[in-house]
>>> print(open('query_32.txt').read())   # compact mmCIF, C-alpha atoms
# COMPACT_ATOMS: atom_id res chain seq x y z
CA MET A 1 -5.69 -22.47 -21.43
CA SER A 2 -6.58 -22.58 -17.75
CA ASN A 3 -10.11 -21.86 -16.58
CA THR A 4 -10.57 -18.43 -15.03
CA VAL A 5 -10.73 -18.56 -11.24
CA ILE A 6 -11.84 -15.61 -9.12
CA THR A 7 -11.02 -15.75 -5.43
CA ILE A 8 -12.77 -13.41 -2.99
CA GLY A 9 -11.55 -12.51 0.48
CA ARG A 10 -13.98 -10.38 2.47
CA GLU A 11 -14.34 -8.49 5.70
CA TYR A 12 -17.36 -9.60 7.71
CA GLY A 13 -20.41 -7.47 6.89
CA SER A 14 -18.96 -6.15 3.61
CA GLY A 15 -21.41 -8.18 1.50
CA GLY A 16 -18.50 -10.06 -0.05
CA ARG A 17 -20.27 -13.43 -0.20
CA LEU A 18 -23.36 -12.00 -1.91
CA ILE A 19 -21.17 -9.99 -4.29
CA GLY A 20 -19.24 -13.15 -5.17
CA LYS A 21 -22.47 -15.07 -5.77
CA GLN A 22 -23.89 -12.36 -8.05
CA LEU A 23 -20.56 -12.02 -9.86
CA ALA A 24 -20.59 -15.77 -10.55
CA GLN A 25 -24.15 -15.46 -11.91
CA ALA A 26 -23.22 -12.44 -14.07
CA LEU A 27 -20.28 -14.31 -15.60
CA GLY A 28 -21.90 -17.74 -15.74
CA TYR A 29 -19.20 -19.22 -13.45
CA SER A 30 -19.82 -21.79 -10.73
CA PHE A 31 -19.80 -20.55 -7.14
CA LEU A 32 -17.94 -22.19 -4.27
CA ASP A 33 -18.58 -21.18 -0.72
CA LYS A 34 -20.31 -23.31 1.89
CA GLU A 35 -20.72 -26.03 -0.72
CA LEU A 36 -17.05 -26.76 -0.10
CA ILE A 37 -17.95 -28.05 3.34
CA THR A 38 -20.58 -30.44 2.04
CA LEU A 39 -18.22 -31.69 -0.64
CA ALA A 40 -15.41 -32.07 1.88
CA ALA A 41 -17.69 -33.98 4.23
CA GLN A 42 -18.78 -36.31 1.44
CA LYS A 43 -15.17 -37.05 0.52
CA SER A 44 -14.05 -37.65 4.08
CA GLY A 45 -17.09 -39.53 5.27
CA MET A 46 -17.26 -37.16 8.25
CA SER A 47 -20.06 -34.98 9.53
CA ALA A 48 -20.85 -31.81 7.55
CA GLN A 49 -22.02 -30.22 10.81
CA LEU A 50 -18.66 -30.85 12.47
CA PHE A 51 -16.91 -29.24 9.50
CA ALA A 52 -19.32 -26.29 9.52
CA ASP A 53 -18.47 -25.65 13.17
CA ILE A 54 -14.74 -25.41 12.51
CA ASP A 55 -14.92 -23.84 9.03
CA GLU A 56 -12.40 -21.02 8.55
CA ASN A 57 -10.91 -21.64 11.97
CA ALA A 58 -7.16 -21.87 12.25
CA THR A 59 -5.65 -24.62 14.34
CA ASN A 60 -5.60 -23.65 17.98
CA SER A 61 -2.46 -25.17 19.38
CA LEU A 62 -3.93 -25.59 22.89
CA LEU A 63 -7.03 -27.30 21.55
CA TYR A 64 -4.80 -29.41 19.34
CA SER A 65 -2.73 -30.54 22.30
CA LEU A 66 -5.87 -31.45 24.21
CA ALA A 67 -7.26 -33.31 21.22
CA SER A 68 -4.00 -35.19 20.77
CA GLY A 69 -4.02 -35.98 24.46
CA ALA A 70 -7.56 -37.27 24.19
CA TYR A 71 -6.51 -39.43 21.28
CA MET A 72 -3.58 -40.80 23.24
CA MET A 73 -5.95 -41.70 26.03
CA GLY A 74 -8.09 -43.71 23.65
CA SER A 75 -10.66 -41.31 22.27
CA ARG A 76 -12.80 -42.30 19.28
CA MET A 77 -10.51 -40.54 16.79
CA ALA A 78 -9.27 -43.03 14.25
CA PRO A 79 -5.56 -43.88 14.16
CA GLY A 80 -3.73 -41.76 11.59
CA SER A 81 -6.18 -38.95 12.17
CA ASP A 82 -4.11 -37.08 14.71
CA MET A 83 -3.95 -34.14 12.31
CA PRO A 84 -6.06 -31.31 13.71
CA MET A 85 -9.55 -31.29 12.20
CA THR A 86 -9.09 -27.69 11.05
CA ASP A 87 -5.99 -28.66 9.05
CA LYS A 88 -7.78 -31.66 7.63
CA LEU A 89 -10.69 -29.51 6.49
CA PHE A 90 -8.28 -26.95 4.99
CA ILE A 91 -6.55 -29.64 2.95
CA LEU A 92 -9.81 -31.23 1.82
CA GLN A 93 -11.22 -27.84 0.78
CA SER A 94 -7.99 -26.90 -1.03
CA ASN A 95 -8.12 -30.12 -3.04
CA ILE A 96 -11.76 -29.55 -3.92
CA ILE A 97 -11.00 -25.95 -5.05
CA ARG A 98 -8.25 -27.30 -7.33
CA GLU A 99 -10.56 -29.99 -8.74
CA GLU A 100 -13.38 -27.50 -9.37
CA ALA A 101 -10.95 -25.13 -11.12
CA GLU A 102 -10.07 -27.97 -13.49
CA LYS A 103 -13.75 -28.54 -14.30
CA GLY A 104 -14.61 -24.95 -15.27
CA PRO A 105 -14.38 -21.24 -14.38
CA CYS A 106 -15.45 -20.50 -10.81
CA VAL A 107 -15.69 -17.97 -8.00
CA VAL A 108 -14.33 -19.10 -4.62
CA VAL A 109 -15.23 -17.16 -1.48
CA GLY A 110 -12.83 -17.32 1.47
CA ARG A 111 -10.84 -20.46 2.40
CA CYS A 112 -7.53 -18.83 1.33
CA GLY A 113 -8.55 -19.36 -2.29
CA ASP A 114 -5.85 -16.94 -3.50
CA TYR A 115 -3.15 -18.90 -1.72
CA VAL A 116 -4.50 -22.28 -2.84
CA MET A 117 -4.52 -21.08 -6.47
CA GLU A 118 -1.05 -19.46 -6.27
CA GLY A 119 1.10 -19.87 -9.36
CA ARG A 120 -1.89 -20.87 -11.49
CA GLU A 121 -2.70 -18.90 -14.66
CA SER A 122 -5.87 -16.86 -15.04
CA VAL A 123 -6.50 -16.33 -11.32
CA TYR A 124 -7.90 -13.02 -10.12
CA ASN A 125 -7.77 -12.28 -6.41
CA ILE A 126 -10.28 -9.80 -5.04
CA PHE A 127 -10.80 -8.41 -1.54
CA ILE A 128 -14.10 -6.82 -0.47
CA GLN A 129 -13.97 -4.41 2.45
CA ALA A 130 -16.05 -1.61 3.97
CA PRO A 131 -15.71 0.78 6.91
CA PHE A 132 -16.34 -0.88 10.28
CA GLU A 133 -19.53 1.07 11.09
CA ASP A 134 -21.10 0.19 7.72
CA ARG A 135 -20.35 -3.46 8.30
CA VAL A 136 -21.90 -3.47 11.75
CA LYS A 137 -25.06 -1.86 10.31
CA ARG A 138 -25.18 -4.43 7.53
CA ALA A 139 -24.64 -7.34 9.91
CA VAL A 140 -27.66 -6.17 11.95
CA ALA A 141 -29.88 -5.40 8.92
CA GLU A 142 -28.97 -8.35 6.70
CA TYR A 143 -27.49 -11.14 8.80
CA GLY A 144 -29.95 -10.76 11.70
CA LEU A 145 -27.38 -9.93 14.41
CA GLU A 146 -28.75 -8.25 17.55
CA GLU A 147 -27.69 -4.61 17.74
CA LYS A 148 -26.23 -5.15 21.17
CA GLY A 149 -22.95 -6.92 20.73
CA ALA A 150 -22.99 -6.62 16.93
CA ALA A 151 -19.78 -4.57 16.85
CA ASP A 152 -18.02 -7.22 18.95
CA ALA A 153 -19.29 -9.98 16.70
CA VAL A 154 -17.99 -8.22 13.59
CA ARG A 155 -14.61 -7.66 15.23
CA ARG A 156 -14.44 -11.32 16.35
CA THR A 157 -15.32 -12.70 12.91
CA ASP A 158 -12.74 -10.46 11.22
CA LYS A 159 -10.15 -11.63 13.68
CA LYS A 160 -11.06 -15.25 13.08
CA ARG A 161 -10.79 -14.78 9.30
CA ALA A 162 -7.48 -12.98 9.60
CA ASN A 163 -6.09 -15.73 11.87
CA TYR A 164 -7.26 -18.41 9.48
CA TYR A 165 -5.79 -16.65 6.45
CA ASN A 166 -2.51 -15.69 8.09
CA TYR A 167 -2.09 -19.18 9.58
CA TYR A 168 -2.65 -21.17 6.40
CA SER A 169 -1.29 -18.76 3.78
CA ASN A 170 1.58 -17.22 5.69
CA ARG A 171 0.46 -13.90 4.19
CA LYS A 172 -1.33 -10.98 5.74
CA TRP A 173 -5.11 -10.78 5.37
CA GLY A 174 -6.31 -7.55 3.71
CA ARG A 175 -2.83 -6.44 2.59
CA SER A 176 -3.42 -4.96 -0.85
CA SER A 177 -0.39 -6.64 -2.41
CA ASN A 178 -2.05 -10.08 -2.00
CA TYR A 179 -4.91 -9.08 -4.28
CA HIS A 180 -5.39 -7.74 -7.81
CA LEU A 181 -8.33 -5.62 -6.72
CA CYS A 182 -9.57 -4.40 -3.33
CA VAL A 183 -12.91 -2.57 -3.22
CA ASP A 184 -14.79 -0.71 -0.52
CA SER A 185 -18.33 -2.00 -1.19
CA SER A 186 -19.91 0.84 0.82
CA LYS A 187 -18.97 3.30 -1.93
CA LEU A 188 -20.79 1.37 -4.68
CA GLY A 189 -23.41 -0.79 -2.97
CA ILE A 190 -23.80 -4.49 -3.77
CA ASP A 191 -25.02 -4.05 -7.34
CA GLY A 192 -22.42 -1.38 -8.16
CA THR A 193 -19.62 -3.54 -6.79
CA VAL A 194 -20.79 -6.51 -8.87
CA GLN A 195 -20.83 -4.25 -11.95
CA LEU A 196 -17.29 -3.04 -11.23
CA LEU A 197 -15.96 -6.56 -10.69
CA THR A 198 -17.61 -7.80 -13.87
CA GLN A 199 -15.92 -4.95 -15.75
CA PHE A 200 -12.60 -5.76 -14.04
CA ILE A 201 -12.75 -9.39 -15.20
CA HIS A 202 -13.72 -8.43 -18.76
CA LEU A 203 -10.86 -5.89 -18.95
CA ALA A 204 -8.36 -8.32 -17.42
CA LEU A 205 -9.31 -11.14 -19.80
CA ALA A 206 -9.06 -8.75 -22.77
CA HIS A 207 -5.66 -7.49 -21.57
CA GLY A 208 -4.45 -11.06 -21.01
CA LYS A 209 -5.18 -11.92 -24.64
CA HIS A 210 -3.00 -9.06 -25.88
CA GLU A 211 0.00 -9.98 -23.75
CA MET B 1 -22.18 19.75 -2.58
CA SER B 2 -18.41 19.27 -2.40
CA ASN B 3 -16.34 18.88 -5.53
CA THR B 4 -15.25 15.33 -6.23
CA VAL B 5 -11.62 14.71 -5.30
CA ILE B 6 -9.73 11.59 -6.35
CA THR B 7 -6.49 10.84 -4.55
CA ILE B 8 -4.01 8.36 -5.98
CA GLY B 9 -1.25 6.59 -4.08
CA ARG B 10 1.04 4.51 -6.22
CA GLU B 11 3.91 2.08 -6.08
CA TYR B 12 6.91 3.20 -8.13
CA GLY B 13 6.75 1.76 -11.64
CA SER B 14 3.04 0.93 -11.46
CA GLY B 15 2.11 3.69 -13.93
CA GLY B 16 0.03 5.39 -11.24
CA ARG B 17 0.91 8.96 -12.26
CA LEU B 18 0.06 8.37 -15.92
CA ILE B 19 -3.14 6.57 -14.93
CA GLY B 20 -4.09 9.53 -12.72
CA LYS B 21 -3.40 11.98 -15.53
CA GLN B 22 -5.49 10.02 -18.05
CA LEU B 23 -8.27 9.57 -15.49
CA ALA B 24 -8.36 13.35 -14.95
CA GLN B 25 -8.58 13.84 -18.73
CA ALA B 26 -11.35 11.24 -19.07
CA LEU B 27 -13.41 12.90 -16.34
CA GLY B 28 -12.52 16.49 -17.21
CA TYR B 29 -10.99 17.08 -13.75
CA SER B 30 -7.87 19.10 -13.03
CA PHE B 31 -4.68 17.16 -12.30
CA LEU B 32 -2.31 17.89 -9.43
CA ASP B 33 1.06 16.30 -9.25
CA LYS B 34 4.38 18.07 -9.72
CA GLU B 35 2.45 21.32 -10.27
CA LEU B 36 2.01 21.33 -6.52
CA ILE B 37 5.73 22.02 -6.15
CA THR B 38 5.68 25.00 -8.49
CA LEU B 39 2.61 26.40 -6.74
CA ALA B 40 4.17 25.85 -3.33
CA ALA B 41 7.37 27.55 -4.46
CA GLN B 42 5.43 30.53 -5.78
CA LYS B 43 3.56 30.90 -2.49
CA SER B 44 6.64 30.60 -0.34
CA GLY B 45 8.98 32.63 -2.51
CA MET B 46 11.46 29.76 -2.32
CA SER B 47 13.20 27.80 -5.03
CA ALA B 48 11.14 25.26 -6.96
CA GLN B 49 14.34 23.23 -7.47
CA LEU B 50 14.93 23.01 -3.73
CA PHE B 51 11.37 21.78 -3.24
CA ALA B 52 11.70 19.29 -6.11
CA ASP B 53 14.77 17.80 -4.40
CA ILE B 54 12.94 17.14 -1.14
CA ASP B 55 9.50 16.36 -2.59
CA GLU B 56 7.86 13.35 -0.90
CA ASN B 57 10.71 13.05 1.53
CA ALA B 58 9.85 12.65 5.19
CA THR B 59 11.75 14.66 7.74
CA ASN B 60 15.00 12.98 8.62
CA SER B 61 15.56 13.69 12.28
CA LEU B 62 19.37 13.55 11.99
CA LEU B 63 19.41 15.97 9.06
CA TYR B 64 16.95 18.14 10.95
CA SER B 65 19.23 18.29 13.97
CA LEU B 66 22.16 19.21 11.75
CA ALA B 67 20.11 21.87 9.98
CA SER B 68 18.92 23.30 13.30
CA GLY B 69 22.48 23.28 14.53
CA ALA B 70 23.58 25.14 11.39
CA TYR B 71 20.83 27.65 12.00
CA MET B 72 21.96 28.17 15.62
CA MET B 73 25.43 28.80 14.37
CA GLY B 74 24.22 31.56 12.07
CA SER B 75 23.34 29.88 8.79
CA ARG B 76 21.39 31.76 6.14
CA MET B 77 18.06 30.21 7.21
CA ALA B 78 15.66 32.97 8.15
CA PRO B 79 14.48 33.24 11.77
CA GLY B 80 11.18 31.51 12.28
CA SER B 81 12.06 29.05 9.57
CA ASP B 82 13.51 26.40 11.82
CA MET B 83 10.76 24.04 10.75
CA PRO B 84 12.30 21.32 8.55
CA MET B 85 11.93 22.14 4.85
CA THR B 86 10.20 18.81 4.26
CA ASP B 87 7.50 19.69 6.81
CA LYS B 88 7.15 23.16 5.33
CA LEU B 89 6.65 21.71 1.85
CA PHE B 90 4.14 19.17 3.18
CA ILE B 91 2.07 21.94 4.79
CA LEU B 92 2.24 24.19 1.73
CA GLN B 93 1.20 21.33 -0.56
CA SER B 94 -1.62 20.31 1.79
CA ASN B 95 -3.01 23.85 1.75
CA ILE B 96 -2.81 24.00 -2.03
CA ILE B 97 -4.63 20.65 -2.35
CA ARG B 98 -7.42 22.02 -0.13
CA GLU B 99 -7.65 25.24 -2.15
CA GLU B 100 -7.72 23.37 -5.46
CA ALA B 101 -10.46 21.07 -4.15
CA GLU B 102 -12.55 24.16 -3.40
CA LYS B 103 -12.11 25.43 -6.95
CA GLY B 104 -13.27 22.30 -8.78
CA PRO B 105 -13.04 18.50 -9.05
CA CYS B 106 -9.48 17.20 -9.23
CA VAL B 107 -7.15 14.21 -9.20
CA VAL B 108 -4.21 14.42 -6.75
CA VAL B 109 -1.28 12.05 -7.11
CA GLY B 110 0.80 11.27 -4.02
CA ARG B 111 1.52 13.81 -1.25
CA CYS B 112 -0.73 11.95 1.25
CA GLY B 113 -3.76 13.34 -0.62
CA ASP B 114 -6.09 10.86 1.08
CA TYR B 115 -4.96 11.97 4.52
CA VAL B 116 -5.09 15.67 3.62
CA MET B 117 -8.70 15.25 2.37
CA GLU B 118 -9.79 13.11 5.35
CA GLY B 119 -13.30 13.84 6.60
CA ARG B 120 -14.25 15.67 3.42
CA GLU B 121 -17.25 14.54 1.37
CA SER B 122 -16.93 13.11 -2.12
CA VAL B 123 -13.34 11.94 -1.79
CA TYR B 124 -12.26 8.70 -3.45
CA ASN B 125 -8.93 7.21 -2.46
CA ILE B 126 -7.24 4.91 -4.94
CA PHE B 127 -4.01 2.92 -4.76
CA ILE B 128 -2.20 1.66 -7.89
CA GLN B 129 0.14 -1.28 -7.45
CA ALA B 130 1.80 -3.98 -9.55
CA PRO B 131 4.10 -6.94 -8.92
CA PHE B 132 7.70 -5.92 -8.25
CA GLU B 133 9.14 -7.49 -11.42
CA ASP B 134 6.60 -5.72 -13.64
CA ARG B 135 7.46 -2.41 -12.03
CA VAL B 136 11.19 -2.86 -12.55
CA LYS B 137 10.54 -3.65 -16.23
CA ARG B 138 8.35 -0.58 -16.59
CA ALA B 139 10.88 1.66 -14.86
CA VAL B 140 13.53 0.57 -17.37
CA ALA B 141 11.25 0.78 -20.43
CA GLU B 142 9.32 3.94 -19.58
CA TYR B 143 11.29 5.99 -17.06
CA GLY B 144 14.67 5.42 -18.64
CA LEU B 145 16.33 3.67 -15.67
CA GLU B 146 19.44 1.62 -16.44
CA GLU B 147 18.77 -2.09 -16.12
CA LYS B 148 21.63 -2.48 -13.70
CA GLY B 149 20.48 -1.17 -10.37
CA ALA B 150 16.86 -0.68 -11.52
CA ALA B 151 15.50 -3.13 -8.94
CA ASP B 152 17.32 -1.27 -6.17
CA ALA B 153 16.00 2.07 -7.43
CA VAL B 154 12.42 0.78 -7.40
CA ARG B 155 12.86 -0.60 -3.89
CA ARG B 156 14.39 2.68 -2.67
CA THR B 157 11.64 4.86 -4.15
CA ASP B 158 8.92 2.66 -2.66
CA LYS B 159 10.61 2.89 0.70
CA LYS B 160 10.84 6.67 0.42
CA ARG B 161 7.15 6.93 -0.46
CA ALA B 162 6.16 4.61 2.36
CA ASN B 163 8.27 6.61 4.85
CA TYR B 164 6.77 9.86 3.65
CA TYR B 165 3.21 8.56 3.84
CA ASN B 166 3.60 6.80 7.18
CA TYR B 167 5.38 9.81 8.70
CA TYR B 168 2.86 12.46 7.71
CA SER B 169 -0.38 10.47 7.77
CA ASN B 170 0.30 8.13 10.66
CA ARG B 171 -1.25 5.40 8.51
CA LYS B 172 0.32 2.53 6.65
CA TRP B 173 1.11 2.99 2.96
CA GLY B 174 -0.58 0.39 0.75
CA ARG B 175 -2.85 -1.00 3.48
CA SER B 176 -6.12 -1.64 1.67
CA SER B 177 -8.27 -0.14 4.45
CA ASN B 178 -6.87 3.35 3.68
CA TYR B 179 -8.28 3.24 0.17
CA HIS B 180 -11.64 2.73 -1.54
CA LEU B 181 -10.03 0.91 -4.42
CA CYS B 182 -6.64 -0.78 -4.90
CA VAL B 183 -5.79 -2.06 -8.38
CA ASP B 184 -2.94 -4.12 -9.79
CA SER B 185 -2.30 -2.22 -13.03
CA SER B 186 -0.34 -5.13 -14.56
CA LYS B 187 -3.59 -7.09 -14.92
CA LEU B 188 -5.32 -4.40 -16.99
CA GLY B 189 -2.58 -2.27 -18.54
CA ILE B 190 -2.65 1.54 -18.37
CA ASP B 191 -5.72 2.02 -20.60
CA GLY B 192 -7.67 -0.78 -18.93
CA THR B 193 -6.93 0.60 -15.47
CA VAL B 194 -8.08 4.07 -16.55
CA GLN B 195 -11.31 2.52 -17.88
CA LEU B 196 -11.90 0.65 -14.62
CA LEU B 197 -11.27 3.76 -12.49
CA THR B 198 -13.57 5.86 -14.67
CA GLN B 199 -16.28 3.24 -14.17
CA PHE B 200 -15.57 3.17 -10.43
CA ILE B 201 -16.07 6.94 -10.16
CA HIS B 202 -19.27 6.87 -12.24
CA LEU B 203 -20.71 4.03 -10.14
CA ALA B 204 -19.67 5.70 -6.87
CA LEU B 205 -21.21 9.05 -7.82
CA ALA B 206 -24.43 7.30 -8.91
CA HIS B 207 -24.54 5.33 -5.65
CA GLY B 208 -23.83 8.50 -3.63
CA LYS B 209 -26.91 10.19 -5.13
CA HIS B 210 -29.16 7.34 -3.99
CA GLU B 211 -27.90 7.38 -0.42
>>> encode(input="query_32.txt", output="structure tokens")
Amino acid sequence: MSNTVITIGREYGSGGRLIGKQLAQALGYSFLDKELITLAAQKSGMSAQLFADIDENATNSLLYSLASGAYMMGSRMAPGSDMPMTDKLFILQSNIIREEAEKGPCVVVGRCGDYVMEGRESVYNIFIQAPFEDRVKRAVAEYGLEEKGAADAVRRTDKKRANYYNYYSNRKWGRSSNYHLCVDSSKLGIDGTVQLLTQFIHLALAHGKHE
Amino acid sequence: MSNTVITIGREYGSGGRLIGKQLAQALGYSFLDKELITLAAQKSGMSAQLFADIDENATNSLLYSLASGAYMMGSRMAPGSDMPMTDKLFILQSNIIREEAEKGPCVVVGRCGDYVMEGRESVYNIFIQAPFEDRVKRAVAEYGLEEKGAADAVRRTDKKRANYYNYYSNRKWGRSSNYHLCVDSSKLGIDGTVQLLTQFIHLALAHGKHE
């Protein structure tokens, strides 16, 4: 039987990453988030910092053209590497997610985990959301954003995540039909949401056995 | 403090109505579904059958024009009643939902309950979905649809519900941001989904007290 994999998409400021981390702890699963970047960097021999800068960015076709142009003019990019860095990182991360899922049950935050795991058994796709105002408040209180400009930053990050998801998955970010469960974390708080998700996984695994 | 109101939107064949009914029983809340039609008919003095036929239909502008034309030409429609019947039923049902919510906690299935209750305290909006193939199977097994044409019937009913919701609420049916919780009932079964929703409401009410 396949290992259980939980993928978590999340609106910025919804607490989705923290919820995913605590859910992994509650279930005893491994947790994949930023670690994916380090692992990808190790595999590729490239800089983790470079990958961190472009993480969850979709390919920008203008930037890609410029980069290709630079390559043509003899930049330091190695031959055969004219694939955009963002695409390269996406592929590396997707491979690592698949490898980790083979090793044991895990929780994957972001990086189109639901799309990468498509067609696999025992995958549960979750989306964490919250009203915009709550997320702005949380971004200021918890992530250290300045109050001025916080709303714009939240909007920008959401847009970036949606672009990334829609670009690589060819689905629509936050559309309920992509997920098995979507939760508004503002109604339950972090701990309550973790409790609900733990219950969801227990019920789903029990139901799966009866099928 | 306001009475708790749970609104349930549902894809056809997802078991959403049954789940709502069992959730109401589990919580000891009243349950509003088709009863709304009978109540609306009683209030208006019109036929419950007529209302049942147009229930959760959005106004069709062509039909409306024809009906208005018929009225102009001396049909039996009473003066002052040139509002489309679908709109009249929507307004009657909305008023009844508001009155019922004043009387005690309740579960409302369909009829844009989330939109009707907008801005009210202690409202929890839930959407029940399931993969298309599962819903077709369920419609045949549970609702008595003939296998031939069942897929079309499911598609048509979903479209009707989406039209109705989008028309009256000016929102998008099934978009996760309209709801506090969206669940794929095929992952948990009917009983499992009812258990999860019961837990969701308990956690949300507990969290609400701490806020």
>>> residues_around(input="query_32.txt", residues="range 194-211 of chain B", least_positions_apart="5", cutoff="8 Å", atoms="only C-alpha atoms", output="number ranges by chain")
A: 187-189, 192, 196, 199-200, 203; B: 19-20, 22-23, 26-27, 124
>>> closest_residue(input="query_32.txt", among="B:Gly45, B:Arg10, B:Met1, B:Ala24", to="chain A", atoms="all atoms listed in the file")
B:Arg10
>>> closest_residue(input="query_32.txt", among="B:Gln25, B:Arg111, B:Met117, B:Ile6", to="Arg98 in chain B", atoms="all atoms listed in the file")
B:Met117
>>> residues_around(input="query_32.txt", residues="Glu99 in chain B", least_positions_apart="6", cutoff="12 Å", atoms="only C-alpha atoms", output="mmCIF file with C-alpha atoms, in the coordinates of the input")
data_model
loop_
_atom_site.group_PDB
_atom_site.id
_atom_site.type_symbol
_atom_site.label_atom_id
_atom_site.label_comp_id
_atom_site.auth_asym_id
_atom_site.auth_seq_id
_atom_site.Cartn_x
_atom_site.Cartn_y
_atom_site.Cartn_z
ATOM 1 C CA ASN B 3 -16.340 18.880 -5.530
ATOM 2 C CA VAL B 5 -11.620 14.710 -5.300
ATOM 3 C CA LEU B 32 -2.310 17.890 -9.430
ATOM 4 C CA LEU B 36 2.010 21.330 -6.520
ATOM 5 C CA LEU B 39 2.610 26.400 -6.740
ATOM 6 C CA ALA B 40 4.170 25.850 -3.330
ATOM 7 C CA LEU B 92 2.240 24.190 1.730
ATOM 8 C CA GLN B 93 1.200 21.330 -0.560
ATOM 9 C CA PRO B 105 -13.040 18.500 -9.050
ATOM 10 C CA CYS B 106 -9.480 17.200 -9.230
ATOM 11 C CA VAL B 116 -5.090 15.670 3.620
ATOM 12 C CA MET B 117 -8.700 15.250 2.370
#
>>> atom_distance(input="query_32.txt", atom1="CA of Leu50 in chain B", atom2="CA of Asn95 in chain B")
18.8 Å
>>> residues_around(input="query_32.txt", residues="Ile126 in chain A", least_positions_apart="3", cutoff="10 Å", atoms="all atoms listed in the file", output="list of chain:residue names")
A:Ile6, A:Thr7, A:Ile8, A:Gly9, A:Arg10, A:Gly16, A:Gly20, A:Val109, A:Asp114, A:Val123, A:Gln129, A:Gly174, A:Ser176, A:Asn178, A:Tyr179, A:His180, A:Leu181, A:Cys182, A:Val183, A:Leu197, B:Cys182, B:Val183
>>> closest_residue(input="query_32.txt", among="A:Ile128, A:Glu133, A:Ser30, A:Met46", to="chain B", atoms="only C-alpha atoms")
A:Ile128
>>> atom_distance(input="query_32.txt", atom1="CA of Thr86 in chain B", atom2="CA of Val136 in chain B")
27.4 Å
>>> atom_distance(input="query_32.txt", atom1="CA of Ala130 in chain A", atom2="CA of Trp173 in chain A")
14.3 Å
>>> closest_residue(input="query_32.txt", among="A:Ile97, A:Ala48, A:Ala153, A:Ile190", to="chain B", atoms="all atoms listed in the file")
A:Ile190
>>> closest_residue(input="query_32.txt", among="B:Asp55, B:Glu121, B:Glu35, B:Asp152", to="chain A", atoms="only C-alpha atoms")
B:Glu121
>>> closest_residue(input="query_32.txt", among="A:Arg156, A:Asn163, A:Ser122, A:Gln49", to="chain B", atoms="all atoms listed in the file")
A:Ser122
